[in-house]
Protein chains: 2
Amino acid sequence: MLKNFLSGNFRLKTDQLFEGLTAEEHESLMGSGVTHLYSKGEIIFREGGIPTGIFYVLSGRVKKYKATAKGGEQIFYLCSEGELLGYHALLGEEFYPDSAATIENSQITFIPKDNFLKVLRNSTELSNTLLKALGHEFSLFINSITNLATKSVRERLAFNLLILDEKFKSSVQPGIPSDINLSRTDLANMVGTAKETLVRLLQEFKRAGLIEKTDKMIRIIDRKGVIKEANLMGLNPRKM
Amino acid sequence: MLKNFLSGNFRLKTDQLFEGLTAEEHESLMGSGVTHLYSKGEIIFREGGIPTGIFYVLSGRVKKYKATAKGGEQIFYLCSEGELLGYHALLGEEFYPDSAATIENSQITFIPKDNFLKVLRNSTELSNTLLKALGHEFSLFINSITNLATKSVRERLAFNLLILDEKFKSSVQPGIPSDINLSRTDLANMVGTAKETLVRLLQEFKRAGLIEKTDKMIRIIDRKGVIKEANLMGLNPRKM
DNA sequence: CGGACAATTGAAGCCGGTCAAAACTGGTGG
DNA sequence: CCACCAGTTTTGACCGGCTTCAATTGTCCG
């Protein structure tokens, strides 16, 4: 039940997005792509830029964020292996509303706009899958908004730790707690708080035996406890 | 420029959503609908419910919101005349993630799921328009998220007043400031704050000559001033 | 080994939430 | 038509969660 809810925080993987495609269509998309190696911290696209294609994350992790008035950034999503980037702006026929940057060394394939749109125009399958994916994203956004507007920083931190635990799960050993690898600053920008507040809360969580942490890594060791801190009552997916 | 930005807060009107349809398709949608009169405060659908169709707002206004853990509600959108409701859940093939309720007496047409999906399956036009609309909504949501996470209540209030001014604009006299007709509670739930805080800020705005207000109505009289309070620097749409 | 950057800790102060109560409004029935 | 009641708006007081500023410690790399 909670599992269902958390899994709701993942976009459809590209495998699913592209699964209705014919072999030729698939080739037309992925085959036309150019794969580029980004090192940690590189910007993939920037808010206000003109979209010229979409990006497929082959490996690594990417933060999607928006610059704030005060010079910081608000992170609202983390993309990992197998996910697509930058298709919203293309579909909406707008400038990028957000920025994307790697938080790890990553391999990313660029698929030119024309190839994507051509396949999209000819595949009702892809259209429908995208509509479904976007419809689903809607509920994720409403959740974020409600969380930000009504929950304490403490609750939001706990909640984000649960999401990150999923996000950083090893495909080899999915059973064990993940090593969450994210700078304090990025984590703070994700939770929507100041670095200092974040650090203090992490200390508390550690002292309470909920997590263990080093400089660069956080690991949940008392999952039940973190869930309790997150106060997910009423977020039962059946009730969402 | 600001105008562009604010207009970004409106979803595509249904006229636009349905404009690529043939006469038969249009008839199949709207003709199959049943129009119902809702009085102020009635609930149209509820989070967790099973979607059985979509709703078209003929007249009146509808709030979209999500119940919060503490028993309140977070309003994240206001629908008015000509807008569609409830299609996200249908597209995402999920339960409703949010609730919708009228804030005025309203006429709303219900279009059954099957009719909608049938037309959707046969019209690439409609698919594309919907994809475009959803892609656009994306940028609105990340704006909301960034605003909630990084702006003060005061800034958010000013910003929401500007949105509401557009939302309540009379089609007859579009030039003049709107009479914003929304209960304090609803406005507070939209801004994401407590009633009391909202009231106090409204007082300040009034004393500062930015707005005038009665019990049930708010009107912006110093638009420039409100824009200044909202601190929109960096929200230039070109830079979004 | 030094220098830059990230993480941590301390202290002060304010924004905004909460509780409580008064003022006001509109609607209803006598 | 007026008095009363319920709901909404407003004001007051208090306090606590977070932000901010500042300074210290820790860590990674060239």
# chains A, B, ... in the order shown; residues from 1 in each chain; ligands from 1
call {"tool": "closest_atom_pairs", "arguments": {"of": "chain B", "to": "chain C", "cutoff": "9 Å", "atoms": "only C-alpha atoms (C1' of nucleotides)", "output": "JSON lines"}}
result
{"residue": "B:Ser152", "atom": "CA", "partner": "C:DC15", "partner_atom": "C1'", "distance": 8.6}
{"residue": "B:Val153", "atom": "CA", "partner": "C:DG16", "partner_atom": "C1'", "distance": 8.3}
{"residue": "B:Thr193", "atom": "CA", "partner": "C:DG16", "partner_atom": "C1'", "distance": 8.2}
{"residue": "B:Ala194", "atom": "CA", "partner": "C:DG17", "partner_atom": "C1'", "distance": 7.0}
{"residue": "B:Glu196", "atom": "CA", "partner": "C:DG17", "partner_atom": "C1'", "distance": 9.0}
{"residue": "B:Thr197", "atom": "CA", "partner": "C:DG16", "partner_atom": "C1'", "distance": 7.0}
{"residue": "B:Asp215", "atom": "CA", "partner": "C:DT25", "partner_atom": "C1'", "distance": 8.3}
call {"tool": "closest_atom_pairs", "arguments": {"of": "chain B", "to": "chain D", "cutoff": "12 Å", "atoms": "only C-alpha atoms (C1' of nucleotides)", "output": "tab-separated table"}}
result
residue	atom	partner	partner_atom	distance
B:Thr150	CA	D:DT19	C1'	11.4
B:Ser152	CA	D:DT19	C1'	11.6
B:Ser183	CA	D:DT8	C1'	8.5
B:Arg184	CA	D:DT9	C1'	7.9
B:Thr185	CA	D:DT8	C1'	9.0
B:Asp186	CA	D:DT8	C1'	11.8
B:Lys195	CA	D:DT9	C1'	9.3
B:Glu196	CA	D:DT10	C1'	8.2
B:Thr197	CA	D:DT10	C1'	10.8
B:Leu198	CA	D:DT10	C1'	10.8
B:Val199	CA	D:DT10	C1'	7.3
B:Arg200	CA	D:DT10	C1'	8.4
B:Leu201	CA	D:DT10	C1'	11.7
B:Leu202	CA	D:DT10	C1'	10.9
B:Gln203	CA	D:DT10	C1'	9.6
B:Lys213	CA	D:DT9	C1'	11.9
B:Thr214	CA	D:DT9	C1'	10.1
B:Asp215	CA	D:DT9	C1'	7.1
B:Lys216	CA	D:DT9	C1'	9.6
call {"tool": "atom_distance", "arguments": {"atom1": "CA of Leu85 (chain B)", "atom2": "CA of Phe141 (chain A)"}}
result
16.4 Å
call {"tool": "interface_residues", "arguments": {"of": "chain A", "to": "chain B", "cutoff": "6 Å", "atoms": "only C-alpha atoms", "output": "ChimeraX atom specification"}}
result
/A:47-48,74,88,91-92,97,131-132,135-136,139,145-146,149,192,238-240
call {"tool": "residues_around", "arguments": {"residues": "Leu29 (chain A)", "least_positions_apart": "6", "cutoff": "12 Å", "atoms": "only C-alpha atoms (C1' of nucleotides)", "output": "list in words"}}
result
Thr14, Phe18, Leu21, Thr22, Ala23, Gly53, Ile54, Phe55, Tyr56, Thr109, Phe110, Ile111, Pro112, Lys113, Asp114, Asn115, Phe116, Leu117, Lys118, Val119, Leu120 and Leu126 of chain A
call {"tool": "select_by_dssp", "arguments": {"residues": "region 165-222 of chain A", "states": "strand (DSSP E or B)", "output": "list in words"}}
result
Ile180, Ile211, Glu212, Lys213, Ile218, Arg219 and Ile220 of chain A
call {"tool": "select_by_dssp", "arguments": {"residues": "region 96-218 of chain A", "states": "helix (DSSP H, G or I)", "output": "number ranges by chain"}}
result
A: 113-122, 124-150, 153-167, 184-191, 195-207
call {"tool": "atom_distance", "arguments": {"atom1": "CA of Ser178 (chain A)", "atom2": "CA of Ile218 (chain A)"}}
result
8.2 Å
call {"tool": "residues_around", "arguments": {"residues": "Val226 (chain A)", "least_positions_apart": "5", "cutoff": "9 Å", "atoms": "only C-alpha atoms (C1' of nucleotides)", "output": "mmCIF file with N, CA, C and O atoms, in the first residue's frame"}}
result
data_model
loop_
_atom_site.group_PDB
_atom_site.id
_atom_site.type_symbol
_atom_site.label_atom_id
_atom_site.label_comp_id
_atom_site.auth_asym_id
_atom_site.auth_seq_id
_atom_site.Cartn_x
_atom_site.Cartn_y
_atom_site.Cartn_z
ATOM 1 N N ALA A 158 11.468 13.349 5.793
ATOM 2 C CA ALA A 158 11.235 11.909 5.933
ATOM 3 C C ALA A 158 10.649 11.351 4.643
ATOM 4 O O ALA A 158 11.093 10.321 4.127
ATOM 5 N N PHE A 159 9.690 12.050 4.105
ATOM 6 C CA PHE A 159 9.042 11.614 2.877
ATOM 7 C C PHE A 159 10.038 11.524 1.730
ATOM 8 O O PHE A 159 10.089 10.525 0.991
ATOM 9 N N LEU A 161 13.224 11.159 1.902
ATOM 10 C CA LEU A 161 14.182 10.074 2.132
ATOM 11 C C LEU A 161 13.608 8.753 1.618
ATOM 12 O O LEU A 161 14.323 7.958 1.001
ATOM 13 N N LEU A 162 12.334 8.554 1.838
ATOM 14 C CA LEU A 162 11.703 7.322 1.358
ATOM 15 C C LEU A 162 11.737 7.257 -0.172
ATOM 16 O O LEU A 162 12.031 6.225 -0.765
ATOM 17 N N PHE A 205 17.472 12.654 13.172
ATOM 18 C CA PHE A 205 17.069 11.344 12.642
ATOM 19 C C PHE A 205 18.133 10.310 12.965
ATOM 20 O O PHE A 205 17.827 9.162 13.280
ATOM 21 N N LEU A 210 17.083 6.411 13.122
ATOM 22 C CA LEU A 210 16.303 6.210 11.897
ATOM 23 C C LEU A 210 17.202 6.010 10.676
ATOM 24 O O LEU A 210 16.868 5.257 9.768
ATOM 25 N N ILE A 211 18.329 6.729 10.670
ATOM 26 C CA ILE A 211 19.221 6.664 9.512
ATOM 27 C C ILE A 211 20.664 6.546 9.996
ATOM 28 O O ILE A 211 20.956 6.797 11.158
ATOM 29 N N ILE A 220 18.767 4.676 5.118
ATOM 30 C CA ILE A 220 17.670 4.449 6.063
ATOM 31 C C ILE A 220 17.879 3.115 6.761
ATOM 32 O O ILE A 220 18.038 2.094 6.089
ATOM 33 N N ILE A 221 17.889 3.122 8.079
ATOM 34 C CA ILE A 221 18.032 1.836 8.764
ATOM 35 C C ILE A 221 16.781 1.473 9.557
ATOM 36 O O ILE A 221 16.605 0.345 9.955
ATOM 37 N N ASN A 231 4.486 10.929 8.345
ATOM 38 C CA ASN A 231 3.074 11.243 8.574
ATOM 39 C C ASN A 231 2.226 11.060 7.329
ATOM 40 O O ASN A 231 1.520 11.980 6.912
#
call {"tool": "atom_distance", "arguments": {"atom1": "CA of Cys79 (chain A)", "atom2": "CA of Gly175 (chain A)"}}
result
20.8 Å
call {"tool": "residues_around", "arguments": {"residues": "Glu104 (chain B)", "least_positions_apart": "5", "cutoff": "7 Å", "atoms": "only C-alpha atoms (C1' of nucleotides)", "output": "PDB file with C-alpha atoms, in the first residue's frame"}}
result
ATOM      1  CA  SER B  39     -25.330  24.916  -6.400  1.00  0.00           C
ATOM      2  CA  LYS B  40     -22.468  26.638  -4.657  1.00  0.00           C
ATOM      3  CA  GLY B  41     -20.383  24.289  -2.567  1.00  0.00           C
ATOM      4  CA  GLY B  60     -19.800  29.114 -12.881  1.00  0.00           C
ATOM      5  CA  ARG B  61     -16.513  28.306 -11.171  1.00  0.00           C
TER       6      ARG B  61
END
